[in-house]
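Student: Here you go, one structure.
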Amino acid sequence: VRGRDGVGDAVGADRIANAIAATHRRPGKPLLVVDCGTATTFDVITATGDYLGGAILPGLGVSAQSLASHTAKLPRIEITRPESALGRSTTESIQGGLYYGHFGAIRHLLAQLAREGFPGEVPHIIGTGGYAPLFAAEELFHEIVPELVLLGLRHAFRLNTESPAKK
């Protein structure tokens, strides 16, 4: 994975590890990696391994915590995939808003990043992070690999410790 034109100079280690693992899993493919964790991050990697950049938005947990701590009467809720966006109670309304709002944001950002990063190509989309499995039924991702960052760290370690002949 290489940053293009200075991109990647200030990118978090978790995002670099995800990009390393993604390119190792799917070599030669244009890639979008969505990490649904504390923040929801999007990373765009070309088929040749160039890291183009990405986007970041607050994660589901941070969003739920923000509602509970910055409003007078909204409670902390369990983050789940609700049956409906139409909540019949405050808790269901928060769950529906968080889940379907986040789903819509992910879907829109994926489409926008694909247009900008891969005109005329269809990227392979990998979902990762603790909240990615919540979106499995929505078919946002071609595959979900919750431990992608750990795989990337392991691969980076191997690349940096093995002899040149074994790489």
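Chain labels run A, B, ... following the order of the structure tokens; each chain numbers its residues from 1, and ligands are numbered from 1 in the order shown.
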Write out as a PDB file with all heavy atoms, in the first residue's frame the residues lying within 9 Å of Leu60 in chain A, counting only C-alpha atoms and excluding same-chain residues fewer than 6 positions away.
Tutor:
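selection09.pdb, written as the output of this step:
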ATOM      1  N   CYS A  36     -16.508  -0.150  10.575  1.00  0.00           N
ATOM      2  CA  CYS A  36     -17.625   0.289  11.413  1.00  0.00           C
ATOM      3  C   CYS A  36     -17.266   0.081  12.883  1.00  0.00           C
ATOM      4  O   CYS A  36     -17.630  -0.924  13.489  1.00  0.00           O
ATOM      5  CB  CYS A  36     -18.891  -0.483  11.057  1.00  0.00           C
ATOM      6  SG  CYS A  36     -19.406  -0.311   9.342  1.00  0.00           S
ATOM      7  N   GLY A  37     -16.520   1.004  13.434  1.00  0.00           N
ATOM      8  CA  GLY A  37     -16.088   0.934  14.818  1.00  0.00           C
ATOM      9  C   GLY A  37     -16.480   2.193  15.557  1.00  0.00           C
ATOM     10  O   GLY A  37     -17.570   2.728  15.342  1.00  0.00           O
ATOM     11  N   THR A  38     -15.589   2.692  16.400  1.00  0.00           N
ATOM     12  CA  THR A  38     -15.844   3.927  17.141  1.00  0.00           C
ATOM     13  C   THR A  38     -16.186   5.041  16.168  1.00  0.00           C
ATOM     14  O   THR A  38     -17.146   5.772  16.348  1.00  0.00           O
ATOM     15  CB  THR A  38     -14.610   4.307  17.990  1.00  0.00           C
ATOM     16  OG1 THR A  38     -14.302   3.204  18.843  1.00  0.00           O
ATOM     17  CG2 THR A  38     -14.885   5.540  18.820  1.00  0.00           C
ATOM     18  N   ALA A  39     -15.377   5.160  15.138  1.00  0.00           N
ATOM     19  CA  ALA A  39     -15.702   5.998  13.982  1.00  0.00           C
ATOM     20  C   ALA A  39     -16.004   5.035  12.843  1.00  0.00           C
ATOM     21  O   ALA A  39     -15.587   3.877  12.871  1.00  0.00           O
ATOM     22  CB  ALA A  39     -14.521   6.890  13.611  1.00  0.00           C
ATOM     23  N   THR A  40     -16.730   5.504  11.854  1.00  0.00           N
ATOM     24  CA  THR A  40     -16.908   4.716  10.637  1.00  0.00           C
ATOM     25  C   THR A  40     -15.989   5.347   9.609  1.00  0.00           C
ATOM     26  O   THR A  40     -16.156   6.514   9.256  1.00  0.00           O
ATOM     27  CB  THR A  40     -18.370   4.717  10.170  1.00  0.00           C
ATOM     28  OG1 THR A  40     -19.173   4.122  11.195  1.00  0.00           O
ATOM     29  CG2 THR A  40     -18.543   3.910   8.893  1.00  0.00           C
ATOM     30  N   ILE A  79     -27.613  -0.882  20.661  1.00  0.00           N
ATOM     31  CA  ILE A  79     -27.518  -0.696  19.217  1.00  0.00           C
ATOM     32  C   ILE A  79     -27.822  -2.033  18.558  1.00  0.00           C
ATOM     33  O   ILE A  79     -27.111  -3.024  18.752  1.00  0.00           O
ATOM     34  CB  ILE A  79     -26.131  -0.178  18.810  1.00  0.00           C
ATOM     35  CG1 ILE A  79     -25.912   1.199  19.434  1.00  0.00           C
ATOM     36  CG2 ILE A  79     -25.993  -0.135  17.294  1.00  0.00           C
ATOM     37  CD1 ILE A  79     -24.523   1.728  19.297  1.00  0.00           C
ATOM     38  N   LEU A  98     -30.622   5.720  14.241  1.00  0.00           N
ATOM     39  CA  LEU A  98     -29.191   5.412  14.198  1.00  0.00           C
ATOM     40  C   LEU A  98     -28.875   4.381  13.123  1.00  0.00           C
ATOM     41  O   LEU A  98     -27.978   4.578  12.297  1.00  0.00           O
ATOM     42  CB  LEU A  98     -28.699   4.899  15.556  1.00  0.00           C
ATOM     43  CG  LEU A  98     -28.576   5.921  16.672  1.00  0.00           C
ATOM     44  CD1 LEU A  98     -28.242   5.234  17.984  1.00  0.00           C
ATOM     45  CD2 LEU A  98     -27.531   6.973  16.330  1.00  0.00           C
ATOM     46  N   TYR A  99     -29.612   3.283  13.133  1.00  0.00           N
ATOM     47  CA  TYR A  99     -29.308   2.203  12.199  1.00  0.00           C
ATOM     48  C   TYR A  99     -29.549   2.628  10.751  1.00  0.00           C
ATOM     49  O   TYR A  99     -28.646   2.546   9.912  1.00  0.00           O
ATOM     50  CB  TYR A  99     -30.126   0.949  12.520  1.00  0.00           C
ATOM     51  CG  TYR A  99     -29.824  -0.168  11.556  1.00  0.00           C
ATOM     52  CD1 TYR A  99     -28.731  -0.999  11.768  1.00  0.00           C
ATOM     53  CD2 TYR A  99     -30.585  -0.356  10.405  1.00  0.00           C
ATOM     54  CE1 TYR A  99     -28.414  -2.002  10.868  1.00  0.00           C
ATOM     55  CE2 TYR A  99     -30.272  -1.353   9.502  1.00  0.00           C
ATOM     56  CZ  TYR A  99     -29.193  -2.173   9.739  1.00  0.00           C
ATOM     57  OH  TYR A  99     -28.872  -3.158   8.830  1.00  0.00           O
ATOM     58  N   HIS A 102     -27.347   5.544   9.596  1.00  0.00           N
ATOM     59  CA  HIS A 102     -25.973   5.106   9.340  1.00  0.00           C
ATOM     60  C   HIS A 102     -25.918   4.275   8.051  1.00  0.00           C
ATOM     61  O   HIS A 102     -25.002   4.453   7.239  1.00  0.00           O
ATOM     62  CB  HIS A 102     -25.472   4.292  10.538  1.00  0.00           C
ATOM     63  CG  HIS A 102     -24.017   4.448  10.791  1.00  0.00           C
ATOM     64  ND1 HIS A 102     -23.458   5.612  11.276  1.00  0.00           N
ATOM     65  CD2 HIS A 102     -22.991   3.591  10.623  1.00  0.00           C
ATOM     66  CE1 HIS A 102     -22.151   5.459  11.393  1.00  0.00           C
ATOM     67  NE2 HIS A 102     -21.846   4.234  11.000  1.00  0.00           N
ATOM     68  N   TYR A 131     -19.286  -3.182  14.352  1.00  0.00           N
ATOM     69  CA  TYR A 131     -20.669  -2.961  13.924  1.00  0.00           C
ATOM     70  C   TYR A 131     -20.947  -3.429  12.491  1.00  0.00           C
ATOM     71  O   TYR A 131     -22.102  -3.444  12.061  1.00  0.00           O
ATOM     72  CB  TYR A 131     -21.059  -1.488  14.058  1.00  0.00           C
ATOM     73  CG  TYR A 131     -21.129  -1.011  15.486  1.00  0.00           C
ATOM     74  CD1 TYR A 131     -20.252  -0.041  15.958  1.00  0.00           C
ATOM     75  CD2 TYR A 131     -22.068  -1.535  16.369  1.00  0.00           C
ATOM     76  CE1 TYR A 131     -20.323   0.404  17.281  1.00  0.00           C
ATOM     77  CE2 TYR A 131     -22.137  -1.105  17.686  1.00  0.00           C
ATOM     78  CZ  TYR A 131     -21.266  -0.142  18.134  1.00  0.00           C
ATOM     79  OH  TYR A 131     -21.331   0.298  19.438  1.00  0.00           O
TER      80      TYR A 131
END
Student: List the neighbours of Leu31 in chain A out to 10 Å using only C-alpha atoms; skip same-chain residues closer than 3 positions along the sequence, and give me the result as a PyMOL selection string.
Tutor: chain A and resi 19+22-23+26-28+34+43-47+49+51+114+117-118+122-126
Student: I need the residues from that last selection saved to file as an mmCIF file, in the first residue's frame (with N, CA and C atoms), if you can.
Tutor:
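Wrote it out as out_28.cif, contents follow:
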data_model
loop_
_atom_site.group_PDB
_atom_site.id
_atom_site.type_symbol
_atom_site.label_atom_id
_atom_site.label_comp_id
_atom_site.auth_asym_id
_atom_site.auth_seq_id
_atom_site.Cartn_x
_atom_site.Cartn_y
_atom_site.Cartn_z
ATOM 1 N N ALA A 19 -5.954 -1.306 5.030
ATOM 2 C CA ALA A 19 -5.589 -1.256 3.610
ATOM 3 C C ALA A 19 -4.589 -2.366 3.265
ATOM 4 N N ALA A 22 -6.544 -5.645 3.224
ATOM 5 C CA ALA A 22 -7.455 -5.704 2.074
ATOM 6 C C ALA A 22 -6.696 -6.009 0.783
ATOM 7 N N THR A 23 -5.555 -5.336 0.571
ATOM 8 C CA THR A 23 -4.788 -5.587 -0.651
ATOM 9 C C THR A 23 -4.165 -6.973 -0.637
ATOM 10 N N ARG A 26 -7.277 -9.310 -1.469
ATOM 11 C CA ARG A 26 -7.828 -9.122 -2.820
ATOM 12 C C ARG A 26 -6.819 -8.389 -3.710
ATOM 13 N N PRO A 27 -5.684 -9.017 -3.999
ATOM 14 C CA PRO A 27 -4.672 -8.335 -4.813
ATOM 15 C C PRO A 27 -5.191 -8.032 -6.218
ATOM 16 N N GLY A 28 -4.790 -6.876 -6.729
ATOM 17 C CA GLY A 28 -5.147 -6.506 -8.090
ATOM 18 C C GLY A 28 -6.564 -6.018 -8.269
ATOM 19 N N VAL A 34 -14.658 -0.346 4.618
ATOM 20 C CA VAL A 34 -15.499 0.398 5.559
ATOM 21 C C VAL A 34 -15.310 -0.229 6.929
ATOM 22 N N ASP A 43 -11.926 3.773 3.289
ATOM 23 C CA ASP A 43 -10.617 3.872 2.667
ATOM 24 C C ASP A 43 -10.697 3.383 1.225
ATOM 25 N N VAL A 44 -10.043 4.123 0.343
ATOM 26 C CA VAL A 44 -10.078 3.872 -1.093
ATOM 27 C C VAL A 44 -8.680 3.468 -1.541
ATOM 28 N N ILE A 45 -8.562 2.243 -2.092
ATOM 29 C CA ILE A 45 -7.278 1.701 -2.510
ATOM 30 C C ILE A 45 -7.411 1.207 -3.949
ATOM 31 N N THR A 46 -6.496 1.641 -4.809
ATOM 32 C CA THR A 46 -6.550 1.245 -6.218
ATOM 33 C C THR A 46 -6.115 -0.202 -6.404
ATOM 34 N N ALA A 47 -6.348 -0.721 -7.582
ATOM 35 C CA ALA A 47 -5.951 -2.093 -7.922
ATOM 36 C C ALA A 47 -4.435 -2.270 -7.867
ATOM 37 N N GLY A 49 -2.610 -0.840 -5.552
ATOM 38 C CA GLY A 49 -2.204 -0.674 -4.162
ATOM 39 C C GLY A 49 -1.984 0.755 -3.724
ATOM 40 N N TYR A 51 -3.057 4.088 -2.054
ATOM 41 C CA TYR A 51 -4.050 4.558 -1.083
ATOM 42 C C TYR A 51 -4.444 5.969 -1.492
ATOM 43 N N ALA A 114 -16.838 5.501 -4.794
ATOM 44 C CA ALA A 114 -16.626 4.662 -5.981
ATOM 45 C C ALA A 114 -16.594 5.527 -7.243
ATOM 46 N N GLY A 117 -13.230 7.621 -6.942
ATOM 47 C CA GLY A 117 -11.988 6.860 -6.928
ATOM 48 C C GLY A 117 -11.828 5.879 -8.064
ATOM 49 N N PHE A 118 -12.959 5.378 -8.581
ATOM 50 C CA PHE A 118 -12.909 4.309 -9.576
ATOM 51 C C PHE A 118 -13.901 4.537 -10.708
ATOM 52 N N VAL A 122 -15.970 -1.244 -10.764
ATOM 53 C CA VAL A 122 -16.746 -1.666 -9.602
ATOM 54 C C VAL A 122 -15.753 -2.155 -8.553
ATOM 55 N N PRO A 123 -15.593 -1.412 -7.462
ATOM 56 C CA PRO A 123 -14.641 -1.846 -6.441
ATOM 57 C C PRO A 123 -15.192 -2.985 -5.596
ATOM 58 N N HIS A 124 -14.280 -3.748 -5.035
ATOM 59 C CA HIS A 124 -14.629 -4.783 -4.069
ATOM 60 C C HIS A 124 -14.749 -4.083 -2.720
ATOM 61 N N ILE A 125 -15.861 -4.300 -2.020
ATOM 62 C CA ILE A 125 -16.121 -3.592 -0.761
ATOM 63 C C ILE A 125 -16.013 -4.558 0.409
ATOM 64 N N ILE A 126 -15.131 -4.212 1.346
ATOM 65 C CA ILE A 126 -14.922 -5.026 2.537
ATOM 66 C C ILE A 126 -15.425 -4.243 3.750
#
Student: Taking the DSSP secondary structure from the backbone, can you list the residues of chain A that are strand (DSSP E or B), as JSON, numbers by chain?
Tutor: {"A": [2, 3, 31, 32, 33, 34, 35, 36, 39, 40, 41, 42, 43, 44, 45, 50, 51, 52, 53, 54, 55, 56, 57, 58, 124, 125, 126, 127, 128, 143, 144]}
Student: Smallest atom-to-atom distance to Pro30 in chain A: which of A:Glu162, A:Glu139, A:Glu121, A:Glu83, using only C-alpha atoms?
Tutor: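 Among the listed residues, A:Glu121 lies closest to Pro30 in chain A.
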Student: Could you pull out the alpha helix (DSSP H) residues of range 1-158 of chain A, going by DSSP on the backbone, and write them as a count of residues only?
Tutor: 63
Student: For CA of Leu113 in chain A and CA of Ile94 in chain A, determine how far apart the two atoms are, in Å to one decimal place.
Tutor: 27.6 Å
Student: Distance CA of Arg15 in chain A-CA of Asp50 in chain A, one decimal place?
Tutor: 13.3 Å
Student: How far is it from CA of Glu147 in chain A to CA of Gly129 in chain A, in Å with one decimal?
Tutor: 6.8 Å
Student: Closest to Gly104 in chain A among A:Thr48, A:Ala72, A:Val149, A:Leu140, using only C-alpha atoms?
Tutor: A:Leu140
Student: Using only C-alpha atoms for the distances, tell me which of A:Ala10, A:Leu109, A:Ala21, A:Ile77 is nearest to Leu57 in chain A.
Tutor: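 Going through A:Ala10, A:Leu109, A:Ala21, A:Ile77 one by one, the smallest distance to Leu57 in chain A is for A:Leu109.
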Student: Give me, as a PyMOL selection string, all polymer residues having an atom no more than 12 Å from Phe141 in chain A, counting only C-alpha atoms and skipping those fewer than 4 positions away in the same chain.
Tutor: chain A and resi 31-36+103+106-107+110-111+123-128+132-137+145-146
Student: Residues at most 10 Å from Thr91 in chain A, counting only C-alpha atoms, excluding those fewer than 5 positions away in the same chain, as a ChimeraX atom specification?
Tutor: /A:74-79,96-97
